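Text of data-v4.cif, listed as mmCIF, C-alpha atoms:
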data_data
loop_
_atom_site.label_atom_id
_atom_site.label_comp_id
_atom_site.auth_asym_id
_atom_site.auth_seq_id
_atom_site.Cartn_x
_atom_site.Cartn_y
_atom_site.Cartn_z
CA MET B 1496 8.63 -107.81 37.87
CA LEU B 1497 5.03 -107.06 38.75
CA HIS B 1498 4.34 -104.03 40.89
CA GLU B 1499 1.46 -104.01 43.32
CA LYS B 1500 -1.06 -101.33 42.59
CA LYS B 1501 -2.99 -99.91 45.51
CA ILE B 1502 -6.70 -99.86 44.86
CA ASN B 1503 -8.43 -96.62 45.78
CA PHE B 1504 -11.50 -97.66 47.74
CA GLY B 1505 -12.87 -94.14 47.33
CA TYR B 1506 -16.52 -93.85 48.27
CA GLY B 1507 -16.45 -97.42 49.58
CA THR B 1508 -15.17 -96.14 52.93
CA THR B 1509 -18.05 -93.68 53.14
CA ALA B 1510 -20.50 -96.44 52.19
CA LEU B 1511 -19.22 -98.77 54.91
CA LYS B 1512 -19.55 -96.07 57.56
CA PHE B 1513 -23.22 -95.84 56.65
CA LEU B 1514 -23.87 -99.56 56.17
CA ASN B 1515 -22.18 -100.52 59.44
CA ASP B 1516 -23.89 -97.83 61.52
CA LYS B 1517 -26.60 -99.56 63.55
CA SER B 1518 -28.70 -96.39 63.51
CA ASP B 1519 -29.02 -96.76 59.72
CA VAL B 1520 -30.56 -100.24 59.90
CA PRO B 1521 -32.52 -101.35 57.99
CA TRP B 1522 -31.01 -99.99 54.77
CA MET B 1523 -31.60 -100.82 51.14
CA GLN B 1524 -29.06 -100.77 48.34
CA LYS B 1525 -29.72 -101.14 44.61
CA ASP B 1526 -26.73 -101.52 42.32
CA PRO B 1527 -26.42 -104.06 39.48
CA ARG B 1528 -22.67 -104.23 40.14
CA MET B 1529 -23.44 -106.07 43.37
CA CYS B 1530 -24.30 -109.08 41.20
CA ILE B 1531 -20.55 -109.35 40.57
CA THR B 1532 -18.98 -107.81 43.68
CA ILE B 1533 -21.19 -108.85 46.61
CA ARG B 1534 -18.76 -111.54 47.84
CA THR B 1535 -16.13 -108.81 48.24
CA TRP B 1536 -18.45 -106.63 50.29
CA LEU B 1537 -19.89 -109.28 52.62
CA PRO B 1538 -16.78 -109.68 54.86
CA LEU B 1539 -16.71 -105.91 55.31
CA LEU B 1540 -20.27 -105.70 56.61
CA GLU B 1541 -20.89 -105.93 60.34
CA GLY B 1542 -23.93 -107.61 61.84
CA PRO B 1543 -26.27 -110.10 60.15
CA SER B 1544 -25.86 -110.89 56.48
CA PRO B 1545 -28.11 -108.80 54.23
CA ALA B 1546 -31.24 -110.22 52.68
CA VAL B 1547 -31.49 -110.17 48.90
CA VAL B 1548 -34.47 -109.22 46.76
CA PHE B 1549 -33.69 -110.78 43.41
CA SER B 1550 -35.74 -109.43 40.52
CA PHE B 1551 -35.33 -110.51 36.93
CA ARG B 1552 -36.67 -109.48 33.55
CA ASN B 1553 -37.00 -111.06 30.11
CA PRO B 1554 -33.49 -110.99 28.56
CA LEU B 1555 -34.71 -109.94 25.14
CA GLU B 1556 -36.52 -106.93 26.63
CA VAL B 1557 -33.37 -105.97 28.54
CA ALA B 1558 -31.07 -106.32 25.53
CA MET B 1559 -33.46 -104.43 23.26
CA SER B 1560 -33.77 -101.64 25.84
CA MET B 1561 -29.98 -101.29 26.06
CA MET B 1562 -29.66 -101.21 22.29
CA LYS B 1563 -32.37 -98.56 22.01
CA ARG B 1564 -30.74 -96.45 24.72
CA ASP B 1565 -27.12 -96.55 23.49
CA GLY B 1566 -27.45 -97.53 19.84
CA ALA B 1567 -26.71 -100.76 18.01
CA LYS B 1568 -23.04 -99.88 17.42
CA ILE B 1569 -22.31 -99.41 21.12
CA PHE B 1570 -24.77 -101.94 22.49
CA PRO B 1571 -25.63 -104.58 19.88
CA LEU B 1572 -28.16 -107.19 20.91
CA ALA B 1573 -25.50 -109.84 21.51
CA ARG B 1574 -23.71 -107.63 24.04
CA GLY B 1575 -26.91 -107.01 25.98
CA LEU B 1576 -27.67 -110.75 26.05
CA ARG B 1577 -24.15 -111.51 27.27
CA LEU B 1578 -24.50 -109.03 30.11
CA TRP B 1579 -27.89 -110.41 31.07
CA ILE B 1580 -26.53 -113.96 31.22
CA VAL B 1581 -23.43 -113.09 33.25
CA TYR B 1582 -25.06 -110.68 35.70
CA ASN B 1583 -28.02 -112.93 36.48
CA MET B 1584 -25.86 -116.03 36.74
CA ARG B 1585 -23.37 -114.36 39.09
CA ALA B 1586 -26.14 -112.78 41.15
CA ILE B 1587 -27.68 -116.17 41.84
CA GLN B 1588 -24.35 -117.91 42.43
CA ASN B 1589 -22.95 -115.17 44.67
CA SER B 1590 -26.07 -114.99 46.86
CA HIS B 1591 -26.55 -118.74 47.29
CA ASP B 1592 -26.02 -118.66 51.07
CA LEU B 1593 -28.05 -115.51 51.74
CA CYS B 1594 -31.74 -115.24 52.52
CA ARG B 1595 -33.36 -114.41 49.19
CA VAL B 1596 -36.76 -113.26 47.99
CA PHE B 1597 -37.46 -113.80 44.29
CA THR B 1598 -39.65 -111.68 42.07
CA SER B 1599 -39.80 -110.55 38.45
CA ASN B 1600 -40.63 -107.51 36.38
CA GLU B 1601 -43.49 -109.47 34.83
CA ALA B 1602 -45.05 -110.32 38.21
CA LEU B 1603 -44.77 -106.72 39.41
CA MET B 1604 -46.42 -105.38 36.27
CA LEU B 1605 -49.25 -107.91 36.37
CA ASN B 1606 -50.24 -107.28 39.99
CA ALA B 1607 -47.90 -104.89 41.76
CA LYS B 1608 -49.78 -104.77 45.08
CA ASN B 1609 -49.90 -108.55 45.52
CA GLU B 1610 -46.28 -108.94 44.47
CA LEU B 1611 -45.07 -106.21 46.82
CA GLU B 1612 -46.96 -107.81 49.70
CA SER B 1613 -45.34 -111.15 48.79
CA ILE B 1614 -41.89 -109.52 48.78
CA ALA B 1615 -42.59 -107.90 52.16
CA ALA B 1616 -43.68 -111.25 53.61
CA GLY B 1617 -40.53 -112.86 52.25
CA LEU B 1618 -38.33 -110.21 53.86
CA VAL B 1619 -40.06 -110.77 57.19
CA LYS B 1620 -39.04 -114.44 56.92
CA CYS B 1621 -35.50 -113.18 56.34
CA GLY B 1622 -35.63 -111.41 59.69
CA LEU B 1623 -36.59 -107.92 58.59
CA VAL B 1624 -39.50 -106.02 60.09
CA SER B 1625 -41.93 -104.67 57.53
CA PRO B 1626 -42.64 -100.96 58.18
CA ASN B 1627 -45.94 -101.22 56.29
CA PRO B 1628 -47.39 -104.74 56.44
CA VAL B 1629 -50.49 -103.56 54.55
CA ILE B 1630 -49.70 -101.80 51.28
CA ASP B 1631 -52.18 -99.21 50.06
CA GLN B 1632 -53.20 -99.50 46.39
CA ALA B 1633 -53.03 -95.74 45.93
CA VAL B 1634 -49.39 -95.75 47.01
CA VAL B 1635 -48.64 -98.56 44.56
CA ASN B 1636 -50.30 -96.62 41.76
CA ASP B 1637 -48.02 -93.65 42.44
CA TYR B 1638 -44.90 -95.75 41.88
CA VAL B 1639 -45.86 -98.50 39.44
CA ASP B 1640 -47.38 -97.76 36.05
CA PRO B 1641 -48.58 -100.99 34.36
CA ASN B 1642 -48.58 -99.12 31.04
CA LEU B 1643 -44.77 -99.14 31.15
CA ARG B 1644 -44.76 -102.90 30.67
CA LEU B 1645 -43.57 -103.77 27.20
CA ASP B 1646 -45.64 -105.94 24.92
CA PRO B 1647 -43.98 -109.39 25.32
CA THR B 1648 -44.71 -110.17 21.65
CA LYS B 1649 -43.23 -106.92 20.31
CA HIS B 1650 -39.80 -108.34 19.54
CA VAL B 1651 -40.68 -111.96 18.76
CA ASN B 1652 -42.29 -113.95 15.99
CA VAL B 1653 -45.08 -115.87 17.72
CA ASP B 1654 -45.59 -117.97 14.60
CA LYS B 1655 -42.21 -119.64 15.01
CA VAL B 1656 -41.37 -121.62 18.16
CA LEU B 1657 -37.67 -122.32 18.69
CA THR B 1658 -38.01 -124.53 21.75
CA LYS B 1659 -39.94 -125.10 24.96
CA HIS B 1660 -38.79 -125.45 28.57
CA ASP B 1661 -40.37 -126.42 31.89
CA ASP B 1662 -42.45 -129.21 30.35
CA GLY B 1663 -43.78 -126.88 27.68
CA ARG B 1664 -44.91 -124.13 30.02
CA CYS B 1665 -42.18 -121.70 28.91
CA ILE B 1666 -42.19 -121.15 25.15
CA VAL B 1667 -39.22 -119.58 23.38
CA TYR B 1668 -40.22 -117.86 20.16
CA ASP B 1669 -37.96 -116.72 17.37
CA TYR B 1670 -36.99 -113.07 17.74
CA LYS B 1671 -36.74 -110.16 15.35
CA SER B 1672 -33.03 -109.57 14.80
CA TYR B 1673 -31.71 -106.31 13.40
CA LEU B 1674 -28.92 -108.26 11.69
CA GLU B 1675 -29.40 -109.59 8.20
CA GLU B 1676 -29.31 -113.32 7.52
CA GLY B 1677 -25.71 -114.32 6.86
CA HIS B 1678 -24.25 -111.56 9.06
CA PRO B 1679 -21.14 -112.92 10.86
CA GLU B 1680 -22.63 -112.05 14.28
CA ARG B 1681 -26.06 -113.56 13.61
CA GLY B 1682 -25.09 -117.04 14.75
CA ILE B 1683 -23.62 -116.02 18.10
CA GLU B 1684 -26.56 -113.68 18.67
CA MET B 1685 -28.98 -116.59 18.24
CA ASP B 1686 -26.89 -118.83 20.50
CA LEU B 1687 -26.84 -116.21 23.24
CA TYR B 1688 -30.58 -115.67 22.89
CA LYS B 1689 -31.25 -119.39 23.37
CA ILE B 1690 -28.93 -119.56 26.39
CA ALA B 1691 -30.51 -116.50 27.98
CA MET B 1692 -34.06 -117.72 27.39
CA LYS B 1693 -33.22 -121.14 28.86
CA MET B 1694 -31.96 -119.40 32.00
CA PHE B 1695 -35.01 -117.11 32.03
CA CYS B 1696 -37.38 -120.07 31.88
CA ASP B 1697 -35.46 -121.84 34.65
CA MET B 1698 -35.60 -118.72 36.79
CA LYS B 1699 -39.36 -118.53 36.32
CA SER B 1700 -39.77 -122.18 37.30
CA GLY B 1701 -37.27 -121.95 40.16
CA ALA B 1702 -34.90 -124.55 38.72
CA ALA B 1703 -32.08 -121.98 38.40
CA TYR B 1704 -32.01 -121.53 42.17
CA GLU B 1705 -31.27 -125.18 42.90
CA ALA B 1706 -27.77 -125.98 44.20
CA ASP B 1707 -27.06 -128.48 41.41
CA TYR B 1708 -28.28 -126.28 38.56
CA GLU B 1709 -26.09 -126.61 35.48
CA TRP B 1710 -25.01 -123.14 34.40
CA PRO B 1711 -24.05 -122.36 30.79
CA SER B 1712 -20.43 -121.95 29.80
CA THR B 1713 -19.26 -118.35 29.39
CA ALA B 1714 -16.55 -119.28 26.88
CA TRP B 1715 -18.11 -117.38 24.01
#

Is it possible to express this structure as structure tokens?
Amino acid sequence: MLHEKKINFGYGTTALKFLNDKSDVPWMQKDPRMCITIRTWLPLLEGPSPAVVFSFRNPLEVAMSMMKRDGAKIFPLARGLRLWIVYNMRAIQNSHDLCRVFTSNEALMLNAKNELESIAAGLVKCGLVSPNPVIDQAVVNDYVDPNLRLDPTKHVNVDKVLTKHDDGRCIVYDYKSYLEEGHPERGIEMDLYKIAMKMFCDMKSGAAYEADYEWPSTAW
């Protein structure tokens, strides 16, 4: 016989007191776990549905960063790619009926001021009032350092093209794996890389946000 286990909502109660207090509007919340759990939170929020700023980053950069931070034994490249695929897929699926503004790490690094102004304009269309319609370049410089942008060719072999998407506008290069050829995980790592890069290209083109977009299987 299965026994029901009461879930301890913990700090969730405190969070809802803040989020549902009209004097705290507008608020901003940043938590990657919302990619997975947002549909659970939405019925608990009072007032208009929240707007979503959806920002994405090259999956190889994300996976490499995780591996560098935690080590290859704890966070091998394949694990980072899996997480990138699932979190981005669920974020897009779970926010399909919300007002969304799309941006990317690449766009912010290339021209942060213009991209921030574009995000602000998008949020205004979502019903939010921009506190600073004109963004000062000096303020942007205090928060965004273009030098932090990774070299997009650092982890790939630009001499070997694996495939192209978006009518050739999004090129997927072979990557530099830390696994030796013949390693039992090398094949699945390559498969996950190709899946992630296909999604990444479709997110850049906007195809991944269409209602009939065909998502990859997660039966790995």

*Go through B:Leu1555, B:Gly1677, B:Tyr1582, B:Ser1550 one by one, measure the shortest atom-to-atom distance of each to Glu1610 in chain B using only C-alpha atoms, and give the residue with the smallest value.*
B:Ser1550

*Take the PyMOL selection byres ((chain B and resi 1573) around 12), apply it to the structure above, and return the hits as a ChimeraX atom specification.*
/B:1554-1555,1557-1559,1561-1562,1567-1572,1574-1580,1672-1674,1679-1691,1715

*Provide the CA of Gly1542 in chain B to CA of Met1584 in chain B distance in Å, to one decimal place.*
26.5 Å

_Report as an MDAnalysis selection string all protein, DNA and RNA residues lying within 12 Å of range 1538-1540 of chain B, evaluated on only C-alpha atoms, omitting residues in the same chain fewer than 3 positions from it._
chainID B and resid 1507:1508 1510:1517 1532:1535 1543:1545

_Between CA of Arg1528 in chain B and CA of Val1635 in chain B - distance in Å to one decimal_ =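 Between these atoms lies a distance of 26.9 Å.
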
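For the pair CA of Asp1637 in chain B and CA of Lys1608 in chain B, the interatomic distance is 11.6 Å.
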
*Name the closest residue to Val1548 in chain B among the candidates B:Arg1595, B:Arg1644, B:Lys1671, B:Lys1649; distances are taken between atoms, counting all atoms listed in the file.*
B:Arg1595

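Nearest to Lys1659 in chain B of all the residues B:Glu1612, B:Glu1705, B:Glu1675, B:Asp1697 is B:Asp1697, based on only C-alpha atoms.
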
_From B:Leu1537, B:Trp1710, B:Val1629, B:Asn1642, residue lying nearest Ser1590 in chain B [only C-alpha atoms]_ = B:Leu1537

*With only C-alpha atoms as the atoms that count, which of B:Ile1630, B:Val1520, B:Val1581, B:Met1692 lies nearest to Ser1613 in chain B?*
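With only C-alpha atoms as the atom set, the closest residue is B:Ile1630.
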
*asked:* Using only C-alpha atoms, can you tell me which of B:Arg1552, B:Lys1525, B:Lys1563, B:His1591 comes closest to Ala1703 in chain B?
replied: B:His1591

Mind giving me the axis-aligned box for range 1527-1533 of chain B with 4 Å on every side, centre plus edges in Å to one decimal, as JSON?
{"center_x": -22.7, "center_y": -106.7, "center_z": 43.0, "size_x": 15.4, "size_y": 13.3, "size_z": 15.1}

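Run against this file, the PyMOL selection byres ((chain B and resi 1623) around 12) gives back Val1520, Pro1521, Trp1522, Met1523, Pro1543, Ser1544, Pro1545, Ala1546, Val1547, Cys1594, Arg1595, Val1596, Ile1614, Ala1615, Ala1616, Gly1617, Leu1618, Val1619, Lys1620, Cys1621, Gly1622, Val1624, Ser1625, Pro1626, Asn1627 and Pro1628 of chain B.
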
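Picked by the PyMOL selection byres ((chain B and resi 1599-1603) around 9) from the coordinates shown: B:Phe1549, B:Ser1550, B:Phe1551, B:Arg1552, B:Asn1553, B:Phe1597, B:Thr1598, B:Met1604, B:Leu1605, B:Asn1606, B:Ala1607, B:Lys1608, B:Asn1609, B:Glu1610, B:Leu1611, B:Val1639, B:Pro1641, B:Arg1644, B:Lys1699.
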
Just save range 1641-1664 of chain B with N, CA, C and O atoms, as a CSV table (one decimal), in the first residue's frame.
chain,number,residue,atom,x,y,z
B,1641,PRO,N,32.0,42.6,-22.3
B,1641,PRO,CA,32.1,41.8,-23.5
B,1641,PRO,C,33.3,40.9,-23.5
B,1641,PRO,O,33.3,39.9,-24.2
B,1642,ASN,N,34.3,41.2,-22.7
B,1642,ASN,CA,35.5,40.3,-22.6
B,1642,ASN,C,35.2,38.9,-22.0
B,1642,ASN,O,36.0,38.0,-22.1
B,1643,LEU,N,34.0,38.8,-21.3
B,1643,LEU,CA,33.6,37.6,-20.7
B,1643,LEU,C,33.1,36.6,-21.8
B,1643,LEU,O,32.9,35.4,-21.5
B,1644,ARG,N,32.8,37.1,-23.0
B,1644,ARG,CA,32.2,36.2,-24.0
B,1644,ARG,C,33.3,35.2,-24.4
B,1644,ARG,O,34.4,35.6,-24.8
B,1645,LEU,N,33.0,34.0,-24.5
B,1645,LEU,CA,33.9,33.0,-24.9
B,1645,LEU,C,34.1,33.0,-26.4
B,1645,LEU,O,33.2,33.3,-27.1
B,1646,ASP,N,35.3,32.6,-26.8
B,1646,ASP,CA,35.6,32.5,-28.2
B,1646,ASP,C,34.8,31.3,-28.8
B,1646,ASP,O,34.9,30.2,-28.3
B,1647,PRO,N,33.8,31.6,-29.7
B,1647,PRO,CA,32.9,30.5,-30.2
B,1647,PRO,C,33.7,29.4,-30.9
B,1647,PRO,O,33.1,28.3,-31.1
B,1648,THR,N,34.9,29.6,-31.3
B,1648,THR,CA,35.7,28.6,-32.0
B,1648,THR,C,36.6,27.8,-31.1
B,1648,THR,O,37.3,26.9,-31.5
B,1649,LYS,N,36.6,28.2,-29.8
B,1649,LYS,CA,37.5,27.6,-28.8
B,1649,LYS,C,37.4,26.1,-28.7
B,1649,LYS,O,38.4,25.3,-28.6
B,1650,HIS,N,36.1,25.6,-28.7
B,1650,HIS,CA,35.9,24.2,-28.5
B,1650,HIS,C,35.5,23.4,-29.7
B,1650,HIS,O,35.0,22.3,-29.6
B,1651,VAL,N,35.6,24.0,-30.9
B,1651,VAL,CA,35.2,23.3,-32.1
B,1651,VAL,C,36.3,23.3,-33.1
B,1651,VAL,O,37.3,24.0,-33.0
B,1652,ASN,N,36.2,22.4,-34.1
B,1652,ASN,CA,37.1,22.3,-35.2
B,1652,ASN,C,36.5,22.9,-36.4
B,1652,ASN,O,35.6,22.2,-37.1
B,1653,VAL,N,36.8,24.1,-36.7
B,1653,VAL,CA,36.2,24.8,-37.8
B,1653,VAL,C,36.5,24.3,-39.2
B,1653,VAL,O,36.0,24.7,-40.2
B,1654,ASP,N,37.5,23.3,-39.2
B,1654,ASP,CA,37.8,22.7,-40.5
B,1654,ASP,C,36.9,21.5,-40.8
B,1654,ASP,O,37.0,21.0,-41.9
B,1655,LYS,N,36.0,21.1,-39.9
B,1655,LYS,CA,35.2,20.0,-40.1
B,1655,LYS,C,33.7,20.4,-39.8
B,1655,LYS,O,33.4,20.6,-38.7
B,1656,VAL,N,32.9,20.4,-40.9
B,1656,VAL,CA,31.5,20.8,-40.7
B,1656,VAL,C,30.7,19.5,-40.6
B,1656,VAL,O,30.8,18.6,-41.5
B,1657,LEU,N,29.9,19.4,-39.5
B,1657,LEU,CA,29.1,18.2,-39.3
B,1657,LEU,C,27.8,18.3,-40.1
B,1657,LEU,O,27.3,17.3,-40.8
B,1658,THR,N,27.1,19.5,-40.0
B,1658,THR,CA,25.9,19.7,-40.7
B,1658,THR,C,25.6,21.2,-40.7
B,1658,THR,O,26.2,22.0,-40.1
B,1659,LYS,N,24.5,21.6,-41.4
B,1659,LYS,CA,24.1,22.9,-41.5
B,1659,LYS,C,22.5,23.0,-41.3
B,1659,LYS,O,21.8,22.1,-41.7
B,1660,HIS,N,22.1,24.0,-40.6
B,1660,HIS,CA,20.6,24.2,-40.4
B,1660,HIS,C,20.2,25.6,-40.9
B,1660,HIS,O,21.1,26.5,-41.2
B,1661,ASP,N,18.9,25.9,-40.9
B,1661,ASP,CA,18.4,27.2,-41.3
B,1661,ASP,C,18.9,27.6,-42.7
B,1661,ASP,O,19.5,28.7,-42.8
B,1662,ASP,N,18.8,26.7,-43.6
B,1662,ASP,CA,19.2,27.0,-45.0
B,1662,ASP,C,20.7,27.4,-45.1
B,1662,ASP,O,21.1,28.2,-45.9
B,1663,GLY,N,21.5,26.7,-44.3
B,1663,GLY,CA,22.9,26.9,-44.3
B,1663,GLY,C,23.4,28.1,-43.5
B,1663,GLY,O,24.7,28.3,-43.4
B,1664,ARG,N,22.5,28.8,-42.8
B,1664,ARG,CA,23.0,30.0,-42.0
B,1664,ARG,C,23.5,29.6,-40.7
B,1664,ARG,O,24.2,30.4,-40.0
